[in-house]
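work01.txt (compact mmCIF, C-alpha atoms and all ligand atoms)
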```
# COMPACT_ATOMS: atom_id res chain seq x y z
CA MET D 1 -19.98 86.63 12.28
CA ASP D 2 -23.18 84.97 11.05
CA THR D 3 -22.99 81.23 10.65
CA GLN D 4 -24.86 79.39 7.90
CA MET D 5 -27.45 78.40 10.51
CA ASN D 6 -28.45 81.96 11.31
CA ILE D 7 -29.99 84.81 9.39
CA ARG D 8 -29.95 88.35 10.76
CA ASP D 9 -33.22 90.22 10.63
CA ALA D 10 -33.66 93.88 9.78
CA ALA D 11 -33.46 94.79 13.46
CA GLY D 12 -30.04 93.16 13.59
CA SER D 13 -30.90 90.13 15.76
CA LYS D 14 -30.07 86.60 14.73
CA GLU D 15 -32.78 84.21 13.69
CA GLN D 16 -32.54 80.43 13.70
CA ALA D 17 -32.55 79.22 10.09
CA PRO D 18 -35.24 76.72 9.09
CA SER D 19 -34.35 73.03 9.21
CA LEU D 20 -33.24 71.15 6.10
CA TRP D 21 -36.72 69.58 5.75
CA LEU D 22 -38.37 72.98 5.85
CA ARG D 23 -35.98 74.31 3.26
CA ILE D 24 -36.63 71.28 1.02
CA GLY D 25 -40.39 71.82 1.48
CA PHE D 26 -40.04 75.52 0.68
CA TRP D 27 -38.03 74.99 -2.50
CA GLY D 28 -40.32 72.10 -3.51
CA CYS D 29 -43.31 74.45 -3.24
CA ILE D 30 -41.52 77.09 -5.32
CA VAL D 31 -40.64 74.57 -8.07
CA ILE D 32 -44.22 73.18 -8.15
CA SER D 33 -45.69 76.70 -8.29
CA VAL D 34 -43.48 77.69 -11.22
CA ALA D 35 -44.26 74.40 -13.01
CA VAL D 36 -48.06 74.77 -12.67
CA VAL D 37 -47.93 78.30 -14.04
CA LEU D 38 -45.78 77.22 -17.00
CA ARG D 39 -48.12 74.27 -17.64
CA ARG D 40 -51.19 76.54 -17.56
CA LEU D 41 -49.52 79.17 -19.80
CA SER D 42 -48.61 76.52 -22.35
CA ALA D 43 -52.13 75.00 -22.23
CA LEU D 44 -53.65 78.46 -22.78
CA ALA D 45 -51.28 79.31 -25.65
CA PHE D 46 -51.24 75.86 -27.31
CA PRO D 47 -54.29 73.83 -26.21
CA PRO D 48 -53.13 70.17 -26.25
CA ARG D 49 -55.06 68.05 -28.79
CA SER D 50 -54.59 64.66 -27.21
CA ALA D 51 -54.84 65.29 -23.45
CA PRO D 52 -56.68 62.77 -21.23
CA LEU D 53 -60.38 63.63 -20.88
CA GLN D 54 -60.18 64.94 -17.27
CA LEU D 55 -57.23 67.20 -18.13
CA ALA D 56 -58.82 68.43 -21.38
CA THR D 57 -62.00 69.35 -19.47
CA LEU D 58 -59.96 71.37 -16.96
CA ASP D 59 -58.02 73.08 -19.76
CA ALA D 60 -61.32 74.11 -21.34
CA VAL D 61 -62.57 75.53 -18.00
CA PHE D 62 -59.52 77.78 -17.59
CA ALA D 63 -59.48 78.75 -21.28
CA SER D 64 -63.07 79.99 -20.83
CA HIS D 65 -61.79 82.71 -18.46
CA ALA D 66 -58.26 83.10 -19.79
CA THR D 67 -57.88 86.81 -18.93
CA LEU D 68 -58.72 86.30 -15.27
CA THR D 69 -56.52 83.19 -15.15
CA LEU D 70 -53.59 85.19 -16.57
CA ALA D 71 -54.26 88.07 -14.15
CA HIS D 72 -53.96 85.51 -11.34
CA ILE D 73 -51.08 83.32 -12.46
CA LEU D 74 -48.60 85.92 -13.78
CA PRO D 75 -48.47 87.95 -10.52
CA ALA D 76 -48.48 84.60 -8.64
CA LEU D 77 -45.41 83.54 -10.63
CA ALA D 78 -43.68 86.84 -9.86
CA PHE D 79 -44.59 86.47 -6.16
CA VAL D 80 -43.04 83.01 -5.84
CA LEU D 81 -39.90 84.17 -7.67
CA VAL D 82 -39.51 87.13 -5.29
CA ALA D 83 -40.42 85.15 -2.12
CA PRO D 84 -36.99 83.45 -1.70
CA CYS D 85 -35.30 86.89 -1.71
CA ILE D 86 -37.49 87.78 1.29
CA VAL D 87 -37.15 84.47 3.13
CA PHE D 88 -33.36 84.12 2.72
CA ARG D 89 -32.44 87.77 2.48
CA LYS D 90 -29.45 89.39 4.15
CA PRO D 91 -29.69 92.77 5.91
CA THR D 92 -27.68 94.37 3.13
CA ASP D 93 -30.09 93.17 0.43
CA ALA D 94 -31.86 95.77 -1.69
CA ALA D 95 -35.35 96.91 -0.72
CA TRP D 96 -36.94 96.01 -4.08
CA PRO D 97 -38.29 92.57 -3.05
CA ASN D 98 -40.08 94.28 -0.17
CA ARG D 99 -41.58 96.85 -2.48
CA LEU D 100 -42.80 94.21 -4.96
CA ILE D 101 -44.13 91.55 -2.62
CA PHE D 102 -47.05 93.58 -1.20
CA PRO D 103 -48.72 94.68 -4.46
CA LEU D 104 -48.07 91.26 -6.02
CA GLY D 105 -49.59 89.51 -3.00
CA GLY D 106 -52.60 91.83 -3.08
CA ILE D 107 -53.27 91.03 -6.75
CA VAL D 108 -52.82 87.25 -6.22
CA GLY D 109 -55.23 87.31 -3.26
CA LEU D 110 -57.93 89.39 -4.96
CA THR D 111 -57.77 87.40 -8.21
CA ALA D 112 -57.86 84.14 -6.20
CA TYR D 113 -61.25 85.20 -4.79
CA ALA D 114 -62.39 85.93 -8.37
CA MET D 115 -61.05 82.58 -9.62
CA SER D 116 -63.03 80.77 -6.95
CA VAL D 117 -66.26 81.99 -8.57
CA TYR D 118 -65.54 79.38 -11.28
CA SER D 119 -64.05 76.83 -8.89
CA VAL D 120 -63.91 73.29 -10.26
CA GLY D 121 -64.38 71.92 -6.73
CA GLY D 122 -67.55 73.90 -5.96
CA TRP D 123 -68.28 75.06 -2.43
CA VAL D 124 -65.81 72.72 -0.74
CA GLU D 125 -63.00 74.40 -2.70
CA ARG D 126 -64.54 77.86 -2.39
CA SER D 127 -64.76 77.58 1.40
CA ALA D 128 -61.06 76.65 1.57
CA VAL D 129 -60.19 79.63 -0.64
CA LEU D 130 -62.30 81.99 1.49
CA LEU D 131 -60.56 80.87 4.68
CA PHE D 132 -56.93 80.49 3.56
CA ASN D 133 -56.90 83.37 1.08
CA THR D 134 -58.27 85.63 3.81
CA LEU D 135 -55.61 84.33 6.24
CA PHE D 136 -53.00 85.06 3.56
CA LEU D 137 -54.23 88.61 2.94
CA VAL D 138 -54.56 89.37 6.67
CA SER D 139 -50.99 88.08 7.24
CA LEU D 140 -49.70 90.19 4.36
CA PHE D 141 -51.49 93.25 5.69
CA CYS D 142 -50.07 92.68 9.20
CA ALA D 143 -46.56 92.38 7.71
CA TYR D 144 -47.09 95.68 5.91
CA TRP D 145 -48.52 97.33 9.02
CA TYR D 146 -45.67 96.24 11.30
CA GLY D 147 -43.14 97.22 8.63
CA ARG D 148 -44.59 100.75 8.53
CA ARG D 149 -44.26 100.95 12.33
CA GLY D 150 -40.64 99.77 12.22
CA GLU D 151 -41.44 96.55 14.12
CA TYR D 152 -39.28 94.33 11.93
CA ARG D 153 -39.44 91.12 13.93
CA LEU D 154 -43.24 91.13 13.77
CA LYS D 155 -43.15 92.19 10.15
CA ARG D 156 -40.96 89.18 9.32
CA ARG D 157 -43.10 86.81 11.37
CA TRP D 158 -46.27 87.82 9.49
CA MET D 159 -44.48 87.84 6.15
CA LEU D 160 -43.20 84.26 6.65
CA ARG D 161 -46.74 83.27 7.62
CA ALA D 162 -48.17 84.92 4.46
CA ILE D 163 -45.63 83.27 2.16
CA ALA D 164 -46.12 79.83 3.73
CA ILE D 165 -49.91 80.04 3.45
CA LEU D 166 -49.73 81.19 -0.17
CA LEU D 167 -47.41 78.27 -0.99
CA GLY D 168 -50.19 75.97 0.25
CA ILE D 169 -51.40 76.16 -3.36
CA ALA D 170 -48.32 74.12 -4.33
CA THR D 171 -48.99 71.51 -1.64
CA THR D 172 -52.46 70.98 -3.13
CA ARG D 173 -50.85 69.74 -6.36
CA PRO D 174 -49.26 66.46 -5.18
CA VAL D 175 -52.49 65.82 -3.26
CA MET D 176 -54.45 66.32 -6.49
CA GLY D 177 -51.90 64.06 -8.21
CA ILE D 178 -52.73 61.26 -5.77
CA PHE D 179 -56.47 61.76 -6.38
CA PHE D 180 -55.92 61.72 -10.17
CA ALA D 181 -53.75 58.60 -9.98
CA THR D 182 -56.25 56.72 -7.83
CA SER D 183 -59.38 57.90 -9.69
CA PRO D 184 -59.73 54.60 -11.65
CA LEU D 185 -60.17 52.93 -8.23
CA THR D 186 -62.08 55.64 -6.35
CA HIS D 187 -64.11 56.91 -9.36
CA LEU D 188 -63.75 60.43 -7.91
CA GLU D 189 -63.98 63.31 -10.39
CA PRO D 190 -61.95 66.56 -10.11
CA SER D 191 -65.16 68.32 -9.08
CA GLN D 192 -65.29 65.98 -6.08
CA PHE D 193 -61.63 66.01 -5.01
CA PHE D 194 -60.37 69.52 -5.89
CA GLY D 195 -61.96 70.99 -2.77
CA ILE D 196 -60.57 68.25 -0.52
CA ALA D 197 -57.11 68.80 -2.04
CA PHE D 198 -57.36 72.55 -1.36
CA TRP D 199 -58.28 71.93 2.28
CA ILE D 200 -55.45 69.40 2.76
CA GLY D 201 -52.76 71.44 0.95
CA PHE D 202 -53.44 74.79 2.63
CA SER D 203 -53.96 73.16 6.06
CA ILE D 204 -50.54 71.45 5.86
CA ASN D 205 -48.68 74.69 5.08
CA THR D 206 -50.60 76.75 7.64
CA LEU D 207 -49.95 74.18 10.34
CA VAL D 208 -46.25 73.76 9.48
CA ILE D 209 -45.47 77.50 9.61
CA GLU D 210 -47.41 77.93 12.88
CA LEU D 211 -45.55 75.02 14.49
CA TRP D 212 -42.21 76.36 13.24
CA LEU D 213 -42.88 79.90 14.47
CA ARG D 214 -43.94 78.56 17.88
CA SER D 215 -40.94 76.23 18.16
CA ARG D 216 -38.72 79.23 17.36
CA ASP D 217 -40.43 81.20 20.15
CA ARG D 218 -39.41 78.51 22.63
CA GLN D 219 -35.73 78.84 21.73
CA PRO D 220 -33.53 81.01 23.97
CA PRO D 221 -33.39 84.69 22.93
CA SER D 222 -30.83 85.30 20.18
CA GLU D 223 -27.96 87.74 20.58
CA SER D 224 -28.23 91.21 19.08
CA SER D 225 -25.55 92.95 17.09
C1 LIG V 1 -53.42 82.54 -1.59
C2 LIG V 1 -52.99 81.77 -2.55
C3 LIG V 1 -53.81 81.26 -3.71
C4 LIG V 1 -55.14 80.95 -3.77
C5 LIG V 1 -56.16 81.02 -2.65
C6 LIG V 1 -55.40 80.51 -5.13
C7 LIG V 1 -56.64 80.12 -5.60
C8 LIG V 1 -56.90 79.67 -6.87
C9 LIG V 1 -58.18 79.26 -7.35
C10 LIG V 1 -59.48 79.28 -6.55
C11 LIG V 1 -58.04 78.84 -8.63
C12 LIG V 1 -59.14 78.28 -9.53
C13 LIG V 1 -59.20 76.78 -9.33
C14 LIG V 1 -60.49 76.20 -9.84
O1 LIG V 1 -61.12 76.78 -10.73
O2 LIG V 1 -60.91 75.16 -9.30
C15 LIG V 1 -56.65 78.99 -8.97
C16 LIG V 1 -56.10 78.66 -10.18
C17 LIG V 1 -54.77 78.69 -10.43
N1 LIG V 1 -53.78 79.13 -9.60
FE1 LIG V 1 -54.04 79.96 -7.77
N2 LIG V 1 -54.25 80.57 -5.85
C18 LIG V 1 -53.25 81.00 -5.02
C19 LIG V 1 -51.95 81.19 -5.33
C20 LIG V 1 -51.37 80.71 -6.48
C21 LIG V 1 -49.95 80.63 -6.71
C22 LIG V 1 -48.86 81.09 -5.73
C23 LIG V 1 -49.79 80.06 -7.93
C24 LIG V 1 -48.52 79.76 -8.67
C25 LIG V 1 -47.47 80.51 -8.65
C26 LIG V 1 -51.10 79.79 -8.48
C27 LIG V 1 -51.35 79.25 -9.71
C28 LIG V 1 -52.58 78.94 -10.21
C29 LIG V 1 -52.80 78.35 -11.51
C30 LIG V 1 -51.72 77.98 -12.53
C31 LIG V 1 -54.16 78.22 -11.67
C32 LIG V 1 -54.91 77.70 -12.91
C33 LIG V 1 -55.32 76.30 -12.69
C34 LIG V 1 -54.23 75.30 -12.97
O3 LIG V 1 -53.50 75.41 -13.94
O4 LIG V 1 -54.16 74.36 -12.15
N3 LIG V 1 -52.03 80.20 -7.56
N4 LIG V 1 -55.97 79.50 -7.89
```

Please lay out the structure from this file as structure tokens.
Ligand code: HEM
Amino acid sequence: MDTQMNIRDAAGSKEQAPSLWLRIGFWGCIVISVAVVLRRLSALAFPPRSAPLQLATLDAVFASHATLTLAHILPALAFVLVAPCIVFRKPTDAAWPNRLIFPLGGIVGLTAYAMSVYSVGGWVERSAVLLFNTLFLVSLFCAYWYGRRGEYRLKRRWMLRAIAILLGIATTRPVMGIFFATSPLTHLEPSQFFGIAFWIGFSINTLVIELWLRSRDRQPPSESS
């Protein structure tokens, strides 16, 4: 019988569940992602009249390309709501999350490239988007490819990688929060720190998932059903 510490993959073998810290990080990223989408939707629908200057300037930037912003954030919201079904799924779970995650991920990735045309953080942010968004899309494609070939362990490995990289967008937010909070001291503007926050946030998630996947590789082979 499966214990709480193990999840069976589609091939039937047991997989070590992520540690408590990883699970907290994962759910934290999901909550932040949902919150930023809700905040952006509300700012687009009801532009706040008395927002601080930096925030009001950002709101105006995203309102200037509202359609593209919506085309990015609504599929992104759906992706992060479906992602837990993939990460914590049981073998008996329905196939619908698998069917949704690939087209949603494709739309998020392609619209992210388009969003970076208007990037607040200029080329520093754009370079981070080019690298990590491409890593995300390549990982998603590999997951799809291995899934088609019936190689479920590799499919899952690439899918976890794709989801973790995508959730790097959530890790950028507390980093931005620190930059905003310290801006009276540092005098840094969003145009100066957005790019740095993107590099830090996505690097953290990419590094954490790689380290976790490699630490899992070093564990003794799990039993098969
Ligand atoms: C591969 C993953 C992603 C990349 C590379 C990416 C990239 C971007 C870029 C470049 C922008 C424009 C920022 C600017 O103009 O400076 C943006 C905006 C935005 N993204 Fe994403 N994104 C990704 C995933 C997500 C996810 C998963 C969510 C939430 C579920 C999300 C929510 C938003 C929101 C709400 C905005 C509007 C700006 C704001 O309100 O802060 N993105 N994204």

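Closest approach to ligand LIG 1 (chain V) among D:Leu166, D:Leu110, D:Ala43, D:Leu137: D:Leu166, based on only C-alpha atoms and all ligand atoms.
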
Task: Test item: residues lying within 7 Å of ligand LIG 1 (chain V) with only C-alpha atoms and all ligand atoms, as an MDAnalysis selection string - done: chainID D and resid 33:34 36:37 39:40 62 69 72:73 76:77 79:80 108:109 112:113 115:116 118:121 125:126 129 132:133 136 165:167 169 194

- [ ] Could you tell me which of D:Leu81, D:Val117, D:Ile196, D:Leu100 comes closest to Val175 in chain D if we count all atoms listed in the file?
- [x]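 Nearest candidate to Val175 in chain D out of D:Leu81, D:Val117, D:Ile196, D:Leu100: D:Ile196.
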
- [ ] Take CA of Ala35 in chain D and CA of Phe88 in chain D and report the distance between them in Å, one decimal.
- [x]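 Pair CA of Ala35 in chain D / CA of Phe88 in chain D returns 21.5 Å.
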
Task: Between CA of Val124 in chain D and CA of Leu22 in chain D, distance in Å (one decimal) - done: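 Answer for the CA of Val124 in chain D to CA of Leu22 in chain D separation: 28.2 Å.
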
- [ ] Enumerate, as a ChimeraX atom specification, the protein, DNA and RNA residues whose atoms approach (-47.8, 67.9, 4.6) to within 12 Å, taking into account all atoms listed in the file and the coordinate frame of the file.
- [x] /D:21-22,25-26,28-29,167-168,170-175,197,199-209

Using the partial input, fill out range 150-171 of chain D with N, CA, C and O atoms; write the result as an mmCIF file, keeping the file's coordinate frame.
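Final file, selection-v6.cif:
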```
data_model
loop_
_atom_site.group_PDB
_atom_site.id
_atom_site.type_symbol
_atom_site.label_atom_id
_atom_site.label_comp_id
_atom_site.auth_asym_id
_atom_site.auth_seq_id
_atom_site.Cartn_x
_atom_site.Cartn_y
_atom_site.Cartn_z
ATOM 1 N N GLY D 150 -42.041 100.052 11.879
ATOM 2 C CA GLY D 150 -40.640 99.770 12.220
ATOM 3 C C GLY D 150 -40.479 98.561 13.133
ATOM 4 O O GLY D 150 -39.408 98.342 13.699
ATOM 5 N N GLU D 151 -41.531 97.748 13.252
ATOM 6 C CA GLU D 151 -41.440 96.550 14.120
ATOM 7 C C GLU D 151 -41.058 95.365 13.224
ATOM 8 O O GLU D 151 -41.913 94.607 12.772
ATOM 9 N N TYR D 152 -39.745 95.236 12.978
ATOM 10 C CA TYR D 152 -39.280 94.330 11.930
ATOM 11 C C TYR D 152 -39.404 92.850 12.284
ATOM 12 O O TYR D 152 -39.583 92.015 11.404
ATOM 13 N N ARG D 153 -39.296 92.540 13.560
ATOM 14 C CA ARG D 153 -39.440 91.120 13.930
ATOM 15 C C ARG D 153 -40.869 90.648 13.654
ATOM 16 O O ARG D 153 -41.079 89.566 13.107
ATOM 17 N N LEU D 154 -41.840 91.503 14.013
ATOM 18 C CA LEU D 154 -43.240 91.130 13.770
ATOM 19 C C LEU D 154 -43.553 91.162 12.281
ATOM 20 O O LEU D 154 -44.299 90.326 11.768
ATOM 21 N N LYS D 155 -42.936 92.120 11.597
ATOM 22 C CA LYS D 155 -43.150 92.190 10.150
ATOM 23 C C LYS D 155 -42.711 90.865 9.507
ATOM 24 O O LYS D 155 -43.417 90.266 8.703
ATOM 25 N N ARG D 156 -41.502 90.403 9.919
ATOM 26 C CA ARG D 156 -40.960 89.180 9.320
ATOM 27 C C ARG D 156 -41.810 87.972 9.674
ATOM 28 O O ARG D 156 -42.059 87.115 8.848
ATOM 29 N N ARG D 157 -42.269 87.930 10.922
ATOM 30 C CA ARG D 157 -43.100 86.810 11.370
ATOM 31 C C ARG D 157 -44.369 86.699 10.500
ATOM 32 O O ARG D 157 -44.715 85.636 10.004
ATOM 33 N N TRP D 158 -45.037 87.848 10.280
ATOM 34 C CA TRP D 158 -46.270 87.820 9.490
ATOM 35 C C TRP D 158 -45.983 87.575 8.014
ATOM 36 O O TRP D 158 -46.782 86.952 7.310
ATOM 37 N N MET D 159 -44.830 88.054 7.551
ATOM 38 C CA MET D 159 -44.480 87.840 6.150
ATOM 39 C C MET D 159 -44.206 86.352 5.883
ATOM 40 O O MET D 159 -44.644 85.784 4.873
ATOM 41 N N LEU D 160 -43.476 85.698 6.807
ATOM 42 C CA LEU D 160 -43.200 84.260 6.650
ATOM 43 C C LEU D 160 -44.518 83.484 6.665
ATOM 44 O O LEU D 160 -44.712 82.538 5.892
ATOM 45 N N ARG D 161 -45.425 83.911 7.536
ATOM 46 C CA ARG D 161 -46.740 83.270 7.620
ATOM 47 C C ARG D 161 -47.474 83.427 6.268
ATOM 48 O O ARG D 161 -48.018 82.466 5.731
ATOM 49 N N ALA D 162 -47.466 84.661 5.729
ATOM 50 C CA ALA D 162 -48.170 84.920 4.460
ATOM 51 C C ALA D 162 -47.596 84.058 3.339
ATOM 52 O O ALA D 162 -48.335 83.415 2.588
ATOM 53 N N ILE D 163 -46.265 84.020 3.243
ATOM 54 C CA ILE D 163 -45.630 83.270 2.160
ATOM 55 C C ILE D 163 -45.944 81.775 2.292
ATOM 56 O O ILE D 163 -46.279 81.099 1.317
ATOM 57 N N ALA D 164 -45.869 81.268 3.526
ATOM 58 C CA ALA D 164 -46.120 79.830 3.730
ATOM 59 C C ALA D 164 -47.560 79.474 3.373
ATOM 60 O O ALA D 164 -47.807 78.449 2.725
ATOM 61 N N ILE D 165 -48.511 80.339 3.766
ATOM 62 C CA ILE D 165 -49.910 80.040 3.450
ATOM 63 C C ILE D 165 -50.120 80.067 1.943
ATOM 64 O O ILE D 165 -50.730 79.164 1.369
ATOM 65 N N LEU D 166 -49.581 81.097 1.288
ATOM 66 C CA LEU D 166 -49.730 81.190 -0.170
ATOM 67 C C LEU D 166 -49.180 79.943 -0.852
ATOM 68 O O LEU D 166 -49.770 79.413 -1.800
ATOM 69 N N LEU D 167 -48.027 79.440 -0.352
ATOM 70 C CA LEU D 167 -47.410 78.270 -0.990
ATOM 71 C C LEU D 167 -48.224 76.991 -0.746
ATOM 72 O O LEU D 167 -47.927 75.950 -1.317
ATOM 73 N N GLY D 168 -49.264 77.106 0.079
ATOM 74 C CA GLY D 168 -50.190 75.970 0.250
ATOM 75 C C GLY D 168 -50.770 75.548 -1.092
ATOM 76 O O GLY D 168 -51.091 74.378 -1.303
ATOM 77 N N ILE D 169 -50.864 76.488 -2.038
ATOM 78 C CA ILE D 169 -51.400 76.160 -3.360
ATOM 79 C C ILE D 169 -50.532 75.076 -4.023
ATOM 80 O O ILE D 169 -51.040 74.232 -4.751
ATOM 81 N N ALA D 170 -49.219 75.134 -3.747
ATOM 82 C CA ALA D 170 -48.320 74.120 -4.330
ATOM 83 C C ALA D 170 -48.530 72.765 -3.666
ATOM 84 O O ALA D 170 -48.469 71.728 -4.326
ATOM 85 N N THR D 171 -48.791 72.777 -2.365
ATOM 86 C CA THR D 171 -48.990 71.510 -1.640
ATOM 87 C C THR D 171 -50.271 70.819 -2.113
ATOM 88 O O THR D 171 -50.383 69.591 -2.050
#
```
